[in-house]
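Working notes for the structure below.
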Amino acid sequence: MAKIKIDSKRCKACNLCIVFCPFGHIKKGHSLNKVGYKPVVFLEKKGKACTGCCACAIICPEAAIEVYK
Ligand code: SF4
Ligand code: SF4
């Protein structure tokens, strides 16, 4: 099963990955990082596993997402 890792220090909360994940596995976060952004979080929806499609990682302008397959 694939999964992603989001680097909360690099994330600038632009939310592009939220828009581009075809399954809605990435959500807005609520905790501030050291530079004042609220990094997104990976929350896999029940019944729709992350496919490791890499759309989130490719679109991220901060290269903050790693995909593991
Ligand atoms: S790898 Fe694909 S399915 Fe998995 S979280 Fe990223 S965009 Fe969504
Ligand atoms: S695309 Fe990258 S910088 Fe933008 S919210 Fe997602 S992880 Fe953060």
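Convention: chains lettered A, B, ... in structure tokens order; per-chain residue numbering from 1; ligands numbered from 1 as shown.
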
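Every residue of chain A with a DSSP assignment of alpha helix (DSSP H), taken from the backbone, is listed as Leu16, Cys17, Ile18, Val19, Phe20, Ala55, Cys56, Ala57, Ile58 and Ile59 of chain A.
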
Legend entry - Who sits within 8 Å of A:Val67, only C-alpha atoms, same chain under 4 positions skipped, as a PyMOL selection string: chain A and resi 2-5+52+54+57

Based on the selection just made, write C-alpha atoms of those residues as a compact mmCIF listing (two decimals), in the first residue's frame.
```
# COMPACT_ATOMS: atom_id res chain seq x y z
CA ALA A 2 1.37 3.42 -0.96
CA LYS A 3 1.68 6.36 1.39
CA ILE A 4 3.12 9.84 1.41
CA LYS A 5 5.25 11.79 3.84
CA GLY A 52 1.10 6.34 -5.09
CA CYS A 54 2.61 11.05 -7.25
CA ALA A 57 4.45 15.31 -5.04
```

Mind dumping a table of every chain A residue within 10 Å of ligand 2, with the nearest atom pair and its distance in Å to one decimal, using only C-alpha atoms and all ligand atoms, sorted by chain and rising number, as JSON lines?
```
{"residue": "A:Lys5", "atom": "CA", "partner": "ligand 2", "partner_atom_place_in_ligand_line": "7 (S)", "distance": 9.2}
{"residue": "A:Ile6", "atom": "CA", "partner": "ligand 2", "partner_atom_place_in_ligand_line": "7 (S)", "distance": 6.0}
{"residue": "A:Asp7", "atom": "CA", "partner": "ligand 2", "partner_atom_place_in_ligand_line": "7 (S)", "distance": 7.2}
{"residue": "A:Ser8", "atom": "CA", "partner": "ligand 2", "partner_atom_place_in_ligand_line": "8 (Fe)", "distance": 7.6}
{"residue": "A:Lys9", "atom": "CA", "partner": "ligand 2", "partner_atom_place_in_ligand_line": "8 (Fe)", "distance": 9.3}
{"residue": "A:Arg10", "atom": "CA", "partner": "ligand 2", "partner_atom_place_in_ligand_line": "3 (S)", "distance": 6.7}
{"residue": "A:Cys11", "atom": "CA", "partner": "ligand 2", "partner_atom_place_in_ligand_line": "8 (Fe)", "distance": 3.7}
{"residue": "A:Lys12", "atom": "CA", "partner": "ligand 2", "partner_atom_place_in_ligand_line": "3 (S)", "distance": 4.4}
{"residue": "A:Ala13", "atom": "CA", "partner": "ligand 2", "partner_atom_place_in_ligand_line": "5 (S)", "distance": 3.8}
{"residue": "A:Cys14", "atom": "CA", "partner": "ligand 2", "partner_atom_place_in_ligand_line": "4 (Fe)", "distance": 3.9}
{"residue": "A:Asn15", "atom": "CA", "partner": "ligand 2", "partner_atom_place_in_ligand_line": "5 (S)", "distance": 3.8}
{"residue": "A:Leu16", "atom": "CA", "partner": "ligand 2", "partner_atom_place_in_ligand_line": "1 (S)", "distance": 4.4}
{"residue": "A:Cys17", "atom": "CA", "partner": "ligand 2", "partner_atom_place_in_ligand_line": "6 (Fe)", "distance": 4.2}
{"residue": "A:Ile18", "atom": "CA", "partner": "ligand 2", "partner_atom_place_in_ligand_line": "6 (Fe)", "distance": 6.5}
{"residue": "A:Val19", "atom": "CA", "partner": "ligand 2", "partner_atom_place_in_ligand_line": "1 (S)", "distance": 8.8}
{"residue": "A:Phe20", "atom": "CA", "partner": "ligand 2", "partner_atom_place_in_ligand_line": "1 (S)", "distance": 8.7}
{"residue": "A:Cys21", "atom": "CA", "partner": "ligand 2", "partner_atom_place_in_ligand_line": "6 (Fe)", "distance": 9.8}
{"residue": "A:Ile26", "atom": "CA", "partner": "ligand 2", "partner_atom_place_in_ligand_line": "6 (Fe)", "distance": 8.1}
{"residue": "A:Lys27", "atom": "CA", "partner": "ligand 2", "partner_atom_place_in_ligand_line": "5 (S)", "distance": 8.9}
{"residue": "A:Lys28", "atom": "CA", "partner": "ligand 2", "partner_atom_place_in_ligand_line": "5 (S)", "distance": 7.9}
{"residue": "A:Gly29", "atom": "CA", "partner": "ligand 2", "partner_atom_place_in_ligand_line": "5 (S)", "distance": 9.2}
{"residue": "A:Tyr37", "atom": "CA", "partner": "ligand 2", "partner_atom_place_in_ligand_line": "8 (Fe)", "distance": 9.0}
{"residue": "A:Lys38", "atom": "CA", "partner": "ligand 2", "partner_atom_place_in_ligand_line": "8 (Fe)", "distance": 8.6}
{"residue": "A:Pro39", "atom": "CA", "partner": "ligand 2", "partner_atom_place_in_ligand_line": "8 (Fe)", "distance": 5.8}
{"residue": "A:Val40", "atom": "CA", "partner": "ligand 2", "partner_atom_place_in_ligand_line": "5 (S)", "distance": 5.5}
{"residue": "A:Val41", "atom": "CA", "partner": "ligand 2", "partner_atom_place_in_ligand_line": "7 (S)", "distance": 8.2}
{"residue": "A:Phe42", "atom": "CA", "partner": "ligand 2", "partner_atom_place_in_ligand_line": "7 (S)", "distance": 9.6}
{"residue": "A:Ala55", "atom": "CA", "partner": "ligand 2", "partner_atom_place_in_ligand_line": "1 (S)", "distance": 9.8}
{"residue": "A:Cys56", "atom": "CA", "partner": "ligand 2", "partner_atom_place_in_ligand_line": "1 (S)", "distance": 6.5}
{"residue": "A:Ala57", "atom": "CA", "partner": "ligand 2", "partner_atom_place_in_ligand_line": "1 (S)", "distance": 7.3}
{"residue": "A:Ile58", "atom": "CA", "partner": "ligand 2", "partner_atom_place_in_ligand_line": "1 (S)", "distance": 8.6}
{"residue": "A:Ile59", "atom": "CA", "partner": "ligand 2", "partner_atom_place_in_ligand_line": "1 (S)", "distance": 6.0}
{"residue": "A:Cys60", "atom": "CA", "partner": "ligand 2", "partner_atom_place_in_ligand_line": "1 (S)", "distance": 3.6}
{"residue": "A:Pro61", "atom": "CA", "partner": "ligand 2", "partner_atom_place_in_ligand_line": "2 (Fe)", "distance": 5.8}
{"residue": "A:Glu62", "atom": "CA", "partner": "ligand 2", "partner_atom_place_in_ligand_line": "3 (S)", "distance": 5.1}
{"residue": "A:Ala63", "atom": "CA", "partner": "ligand 2", "partner_atom_place_in_ligand_line": "2 (Fe)", "distance": 6.3}
{"residue": "A:Ala64", "atom": "CA", "partner": "ligand 2", "partner_atom_place_in_ligand_line": "7 (S)", "distance": 5.1}
{"residue": "A:Ile65", "atom": "CA", "partner": "ligand 2", "partner_atom_place_in_ligand_line": "7 (S)", "distance": 5.7}
{"residue": "A:Glu66", "atom": "CA", "partner": "ligand 2", "partner_atom_place_in_ligand_line": "7 (S)", "distance": 9.5}
```

Prev. selection, C-alpha atoms, output as a compact mmCIF listing (two decimals), in the first residue's frame:
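Printed below is result24.txt as written:
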```txt
# COMPACT_ATOMS: atom_id res chain seq x y z
CA LYS A 5 5.25 11.79 3.84
CA ILE A 6 4.79 15.54 4.09
CA ASP A 7 7.69 17.64 5.32
CA SER A 8 5.88 20.05 7.64
CA LYS A 9 8.89 22.38 7.77
CA ARG A 10 8.83 22.94 4.00
CA CYS A 11 5.07 23.09 3.46
CA LYS A 12 3.76 26.61 2.80
CA ALA A 13 0.10 25.57 2.92
CA CYS A 14 -0.61 26.51 -0.69
CA ASN A 15 -3.14 23.63 -0.78
CA LEU A 16 -2.28 22.58 -4.35
CA CYS A 17 -1.77 19.00 -3.25
CA ILE A 18 -5.24 18.99 -1.71
CA VAL A 19 -6.71 20.00 -5.05
CA PHE A 20 -4.68 17.52 -7.08
CA CYS A 21 -5.07 14.35 -5.01
CA ILE A 26 -4.73 15.36 1.92
CA LYS A 27 -6.41 17.78 4.30
CA LYS A 28 -5.73 21.22 5.72
CA GLY A 29 -3.70 21.12 8.91
CA TYR A 37 2.12 28.19 7.97
CA LYS A 38 -0.29 25.39 8.77
CA PRO A 39 1.11 22.34 6.93
CA VAL A 40 -1.32 19.96 5.28
CA VAL A 41 -1.77 16.44 6.59
CA PHE A 42 -2.18 13.02 4.98
CA ALA A 55 0.26 13.85 -8.35
CA CYS A 56 0.66 15.57 -4.98
CA ALA A 57 4.45 15.31 -5.04
CA ILE A 58 4.73 16.53 -8.63
CA ILE A 59 2.52 19.58 -8.07
CA CYS A 60 4.12 20.64 -4.78
CA PRO A 61 6.20 23.78 -5.44
CA GLU A 62 8.19 23.23 -2.25
CA ALA A 63 9.09 19.57 -2.93
CA ALA A 64 7.65 18.81 0.48
CA ILE A 65 6.03 15.47 -0.38
CA GLU A 66 7.69 12.08 -0.71
```

Inset, instruction - as a PyMOL selection string, list the residues of chain A assigned to strand (DSSP E or B) by DSSP on the backbone atoms of this structure. - result: chain A and resi 3-6+26-27+41-42+65-68

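For A:Lys45, the set of protein, DNA and RNA residues having any atom at most 9 Å away, when counting only C-alpha atoms and skipping those fewer than 6 positions along the same chain, is Phe23, Gly24 and His25 of chain A.
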
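With distances taken over only C-alpha atoms and all ligand atoms, A:Pro22 is the one residue among A:Lys69, A:Asn33, A:Met1, A:Pro22 lying closest to ligand 1.
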